[in-house]
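Have a look at upload10.tsv; it's TSV, C-alpha atoms:
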chain	number	residue	atom	x	y	z
U	23	MET	CA	74.92	76.85	35.14
U	24	LYS	CA	76.14	73.58	36.65
U	25	LYS	CA	73.33	73.64	39.22
U	26	LEU	CA	70.70	74.16	36.52
U	27	LEU	CA	72.08	71.34	34.37
U	28	LEU	CA	72.15	69.10	37.46
U	29	LEU	CA	68.52	70.01	38.18
U	30	ILE	CA	67.53	69.15	34.60
U	31	ALA	CA	69.38	65.81	34.87
U	32	VAL	CA	67.60	64.98	38.16
U	33	ILE	CA	64.20	65.80	36.64
U	34	LEU	CA	65.06	63.67	33.61
U	35	LEU	CA	65.99	60.70	35.81
U	36	ALA	CA	62.89	61.14	37.97
U	37	ASN	CA	60.68	61.00	34.91
U	38	LEU	CA	62.09	57.83	33.38
U	39	THR	CA	58.98	55.97	34.53
U	40	ALA	CA	56.59	58.48	32.92
U	41	ASN	CA	54.45	57.55	29.94
U	42	ALA	CA	56.70	57.17	26.87
U	43	GLN	CA	54.36	59.12	24.58
U	44	GLU	CA	54.56	62.21	26.82
U	45	LYS	CA	58.37	62.35	26.71
U	46	SER	CA	60.16	63.56	23.62
U	47	PRO	CA	63.22	65.53	22.53
U	48	PHE	CA	62.79	68.68	20.46
U	49	PHE	CA	64.67	71.54	18.81
U	50	THR	CA	63.72	75.16	19.23
U	51	GLY	CA	64.71	78.48	17.73
U	52	ALA	CA	63.59	82.08	18.11
U	53	LEU	CA	64.25	85.60	16.95
U	54	ASN	CA	63.64	88.22	19.66
U	55	PHE	CA	63.12	91.94	19.08
U	56	THR	CA	63.58	94.61	21.76
U	57	PHE	CA	62.37	98.19	21.55
U	58	ALA	CA	63.24	101.09	23.86
U	59	LEU	CA	61.65	104.47	24.48
U	60	ASN	CA	63.00	107.12	22.15
U	61	ASP	CA	64.71	109.86	24.18
U	62	ASN	CA	63.96	112.40	21.41
U	63	TYR	CA	60.20	111.75	21.32
U	64	VAL	CA	58.06	114.67	22.51
U	65	LEU	CA	54.53	113.74	23.55
U	66	PHE	CA	52.71	116.90	22.45
U	67	GLU	CA	54.64	117.54	19.22
U	68	PRO	CA	53.58	114.80	16.79
U	69	ASP	CA	55.08	116.59	13.76
U	70	ASP	CA	58.72	116.13	14.85
U	71	ASP	CA	59.08	112.85	12.83
U	72	GLU	CA	60.17	110.94	15.95
U	73	GLU	CA	58.61	107.61	16.92
U	74	LEU	CA	57.76	106.68	20.53
U	75	LEU	CA	59.67	103.38	20.34
U	76	GLU	CA	62.97	102.71	18.61
U	77	PHE	CA	64.66	99.41	17.79
U	78	SER	CA	67.10	98.48	20.55
U	79	ALA	CA	68.26	94.86	20.21
U	80	LEU	CA	68.05	91.70	18.14
U	81	MET	CA	68.55	88.31	19.79
U	82	THR	CA	68.67	84.83	18.27
U	83	ARG	CA	68.21	81.62	20.25
U	84	PHE	CA	68.68	77.97	19.29
U	85	GLY	CA	68.25	75.09	21.67
U	86	PHE	CA	67.83	71.41	22.27
U	87	GLY	CA	65.11	70.43	24.72
U	88	TYR	CA	63.42	67.47	26.29
U	89	GLN	CA	59.71	67.31	27.19
U	90	PHE	CA	59.66	65.33	30.48
U	91	ASP	CA	55.87	65.09	30.75
U	92	LYS	CA	52.83	67.21	29.84
U	93	LYS	CA	53.89	70.03	32.19
U	94	TRP	CA	57.73	70.20	32.34
U	95	ALA	CA	60.46	70.68	29.74
U	96	GLY	CA	64.16	71.51	29.95
U	97	ILE	CA	66.11	73.29	27.20
U	98	VAL	CA	69.83	73.99	26.69
U	99	ASN	CA	70.23	77.17	24.58
U	100	LEU	CA	72.89	79.08	22.71
U	101	GLY	CA	72.27	82.57	21.36
U	102	TYR	CA	73.66	85.77	19.95
U	103	ASP	CA	72.55	89.22	21.15
U	104	HIS	CA	73.25	92.56	19.48
U	105	HIS	CA	72.21	95.69	21.42
U	106	THR	CA	72.37	98.59	18.96
U	107	LYS	CA	71.76	101.29	21.57
U	108	PHE	CA	74.93	100.37	23.53
U	109	ASP	CA	76.89	98.68	20.72
U	110	ILE	CA	77.12	95.48	22.79
U	111	ASN	CA	77.38	91.98	21.37
U	112	ALA	CA	76.99	88.96	23.63
U	113	ILE	CA	76.82	85.17	23.38
U	114	PRO	CA	74.57	83.68	26.07
U	115	MET	CA	74.63	79.96	26.82
U	116	PHE	CA	71.92	79.01	29.29
U	117	GLY	CA	69.49	76.42	30.52
U	118	THR	CA	65.73	76.94	30.52
U	119	LEU	CA	63.09	75.25	32.61
U	120	ARG	CA	59.63	75.51	31.05
U	121	TYR	CA	56.31	74.83	32.77
U	122	ASN	CA	53.13	74.42	30.71
U	123	ILE	CA	50.32	76.24	32.52
U	124	SER	CA	47.72	74.79	30.15
U	125	GLU	CA	47.94	72.44	27.19
U	126	ASP	CA	45.70	71.02	24.51
U	127	GLY	CA	47.77	68.65	22.39
U	128	TYR	CA	50.73	70.74	21.22
U	129	ASP	CA	48.90	74.03	21.90
U	130	THR	CA	50.34	75.25	25.19
U	131	PHE	CA	50.51	78.38	27.32
U	132	PHE	CA	53.74	78.35	29.32
U	133	THR	CA	56.07	80.20	31.63
U	134	GLN	CA	59.83	79.73	31.58
U	135	VAL	CA	62.89	80.74	33.54
U	136	SER	CA	66.50	80.76	32.29
U	137	TYR	CA	69.94	81.03	33.85
U	138	GLY	CA	73.42	80.79	32.39
U	139	ASN	CA	76.65	82.44	31.31
U	140	LEU	CA	77.18	85.42	29.06
U	141	TRP	CA	80.32	85.65	26.95
U	142	ARG	CA	81.51	88.85	25.36
U	143	PRO	CA	83.41	88.61	22.08
U	144	SER	CA	85.25	91.89	22.81
U	145	ASN	CA	87.20	93.28	25.76
U	146	LYS	CA	84.92	96.32	26.13
U	147	TYR	CA	83.11	94.63	29.05
U	148	GLU	CA	83.73	91.50	31.09
U	149	ASN	CA	81.82	88.23	30.73
U	150	GLY	CA	78.77	87.97	32.94
U	151	ARG	CA	75.63	86.08	33.89
U	152	TYR	CA	72.37	85.73	31.99
U	153	TYR	CA	68.89	85.56	33.56
U	154	ALA	CA	65.48	85.50	31.88
U	155	PHE	CA	61.84	85.01	32.76
U	156	GLY	CA	58.91	84.93	30.38
U	157	VAL	CA	55.52	83.72	29.26
U	158	GLY	CA	54.51	82.39	25.90
U	159	ALA	CA	52.36	80.19	23.74
U	160	GLN	CA	53.09	77.31	21.41
U	161	ILE	CA	50.62	76.83	18.57
U	162	GLU	CA	50.28	73.43	16.95
U	163	GLY	CA	51.31	73.42	13.33
U	164	SER	CA	51.23	70.89	10.57
U	165	GLY	CA	53.33	67.82	11.21
U	166	ARG	CA	56.16	68.25	13.71
U	167	TRP	CA	56.68	72.04	13.32
U	168	HIS	CA	54.95	74.31	15.85
U	169	ALA	CA	54.97	78.12	16.09
U	170	VAL	CA	56.06	79.78	19.36
U	171	ILE	CA	55.53	83.37	20.50
U	172	HIS	CA	56.77	84.69	23.85
U	173	LEU	CA	57.42	87.81	25.89
U	174	ASP	CA	60.62	87.70	27.96
U	175	PHE	CA	62.44	89.85	30.50
U	176	HIS	CA	66.23	89.51	30.12
U	177	ARG	CA	68.88	90.57	32.63
U	178	LYS	CA	72.53	90.51	31.64
U	179	LYS	CA	74.86	91.00	34.61
U	180	ILE	CA	77.91	92.77	33.17
U	181	ASN	CA	80.59	94.30	35.40
U	182	ASP	CA	81.57	97.86	34.51
U	183	PHE	CA	78.25	98.47	32.71
U	184	LYS	CA	76.27	101.40	34.17
U	185	ASN	CA	74.66	99.81	37.25
U	186	GLY	CA	75.95	96.31	36.42
U	187	ASN	CA	72.80	95.22	34.54
U	188	LEU	CA	71.59	95.40	30.97
U	189	ASP	CA	67.84	94.79	31.26
U	190	SER	CA	65.43	94.40	28.36
U	191	VAL	CA	62.00	93.08	27.47
U	192	SER	CA	61.68	91.30	24.14
U	193	LEU	CA	59.04	89.82	21.90
U	194	GLY	CA	60.15	86.48	20.48
U	195	ILE	CA	58.84	84.61	17.45
U	196	GLY	CA	60.10	81.10	16.87
U	197	PHE	CA	59.47	77.41	16.38
U	198	SER	CA	59.61	74.04	18.07
U	199	PHE	CA	60.34	70.87	16.11
U	200	PHE	CA	59.33	67.62	17.83
Entire entry expressed as structure tokens:
Amino acid sequence: MKKLLLLIAVILLANLTANAQEKSPFFTGALNFTFALNDNYVLFEPDDDEELLEFSALMTRFGFGYQFDKKWAGIVNLGYDHHTKFDINAIPMFGTLRYNISEDGYDTFFTQVSYGNLWRPSNKYENGRYYAFGVGAQIEGSGRWHAVIHLDFHRKKINDFKNGNLDSVSLGIGFSFF
């Protein structure tokens, strides 16, 4: 986490000479939904009232970010994750580095990578590390509010949990406020 924050600080200092209108702070928030394959679903018996996918986790994210230039942004995030399938609650705090692949005003298509710590509010499992990678789009809205949609892969490194990882793919719907 310290290395990521140091990297964000170095990028911020390196971009002090960039055009002032390209740089700006922003707030972001998202609600992520994760679904898992239903173990009780039978492919050739559609009358068993079982769905192929079942709800698996709900994750919230709030962050403060800084747009360094048209391509790069850094975000410090805090979240809350509830995995219903394993009855696990977690509080990730992490840094995100976002790269805009294409942009047209505030409409952007981006990729992002995250790294940080994972705190557990109970003693069921130990604290761990949080990693994420994803792609998404920001859609320009009216005024300073912009809609964000993204698809993310999350890895939570938790000792004493099955093979040490809790992996999930989530669909996130959120906002950015510049």
Worksheet item: What separation in Å, quoted to one decimal, exists between CA of Gly158 in chain U and CA of Ile97 in chain U?
Response: 14.8 Å
Fill in: For Phe108 in chain U, the nearest of the candidates U:Tyr147, U:Leu65, U:Tyr152, U:Leu53, counting all atoms listed in the file
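Between U:Tyr147, U:Leu65, U:Tyr152, U:Leu53, the residue approaching Phe108 in chain U most closely is U:Tyr147.
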Discussion item. With 8 Å as the threshold, what does the neighbourhood of (68.9, 72.8, 18.7) contain in terms of residues, counting all atoms listed in the file? Coordinates are those of the file; answer as an MDAnalysis selection string.
Written reply: chainID U and resid 48:51 84:87 99
Worksheet item: CA of Phe90 in chain U and CA of Gly127 in chain U, how far apart in Å?
Response: 14.8 Å
Practice prompt. Would you mind telling me which residue in U:Pro47, U:Gly150, U:Gly165, U:Gly186 lies nearest to Ile113 in chain U when using all atoms listed in the file?
Written response: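 Checking each of U:Pro47, U:Gly150, U:Gly165, U:Gly186 against Ile113 in chain U, counting all atoms listed in the file, the winner is U:Gly150.
When CA of Ala154 in chain U is paired with CA of Met81 in chain U, their separation reads 12.8 Å.
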Worksheet item: From the list U:Gln160, U:Val170, U:Asn181, U:Asn122, which residue is nearest Asn145 in chain U when using only C-alpha atoms?
Response: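 Of the candidates, the smallest distance to Asn145 in chain U is held by U:Asn181.
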Discussion item. At a cut-off of 8 Å, using all atoms listed in the file, what residues contact Glu76 in chain U? Leave out same-chain residues fewer than 3 positions from it and give the result as a list in words.
Written reply: Phe57, Ala58, Leu59, Asn60 and Glu73 of chain U
Worksheet item: Between U:Leu100, U:Ala79, U:Leu74, U:Leu119, which is the closest to Ser190 in chain U once you count only C-alpha atoms?
Response: U:Ala79
Discussion item. When you look at Met115 in chain U with a cut-off of 10 Å (counting all atoms listed in the file), what residues show up, excluding the ones that are within fewer than 2 positions of it in the same chain? I need them as a count of residues only.
Written reply: 20
Discussion item. Counting only C-alpha atoms, which residue out of U:Asp61, U:Glu148, U:Asp71, U:Asp174 sits closest to Ile110 in chain U?
Written reply: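 Closest to Ile110 in chain U of all the choices is U:Glu148.
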Worksheet, complete the sentence: If you count only C-alpha atoms, the residue of U:Ile171, U:Ile161, U:Val135, U:Leu75 closest to Ala95 in chain U turns out to be U:Val135
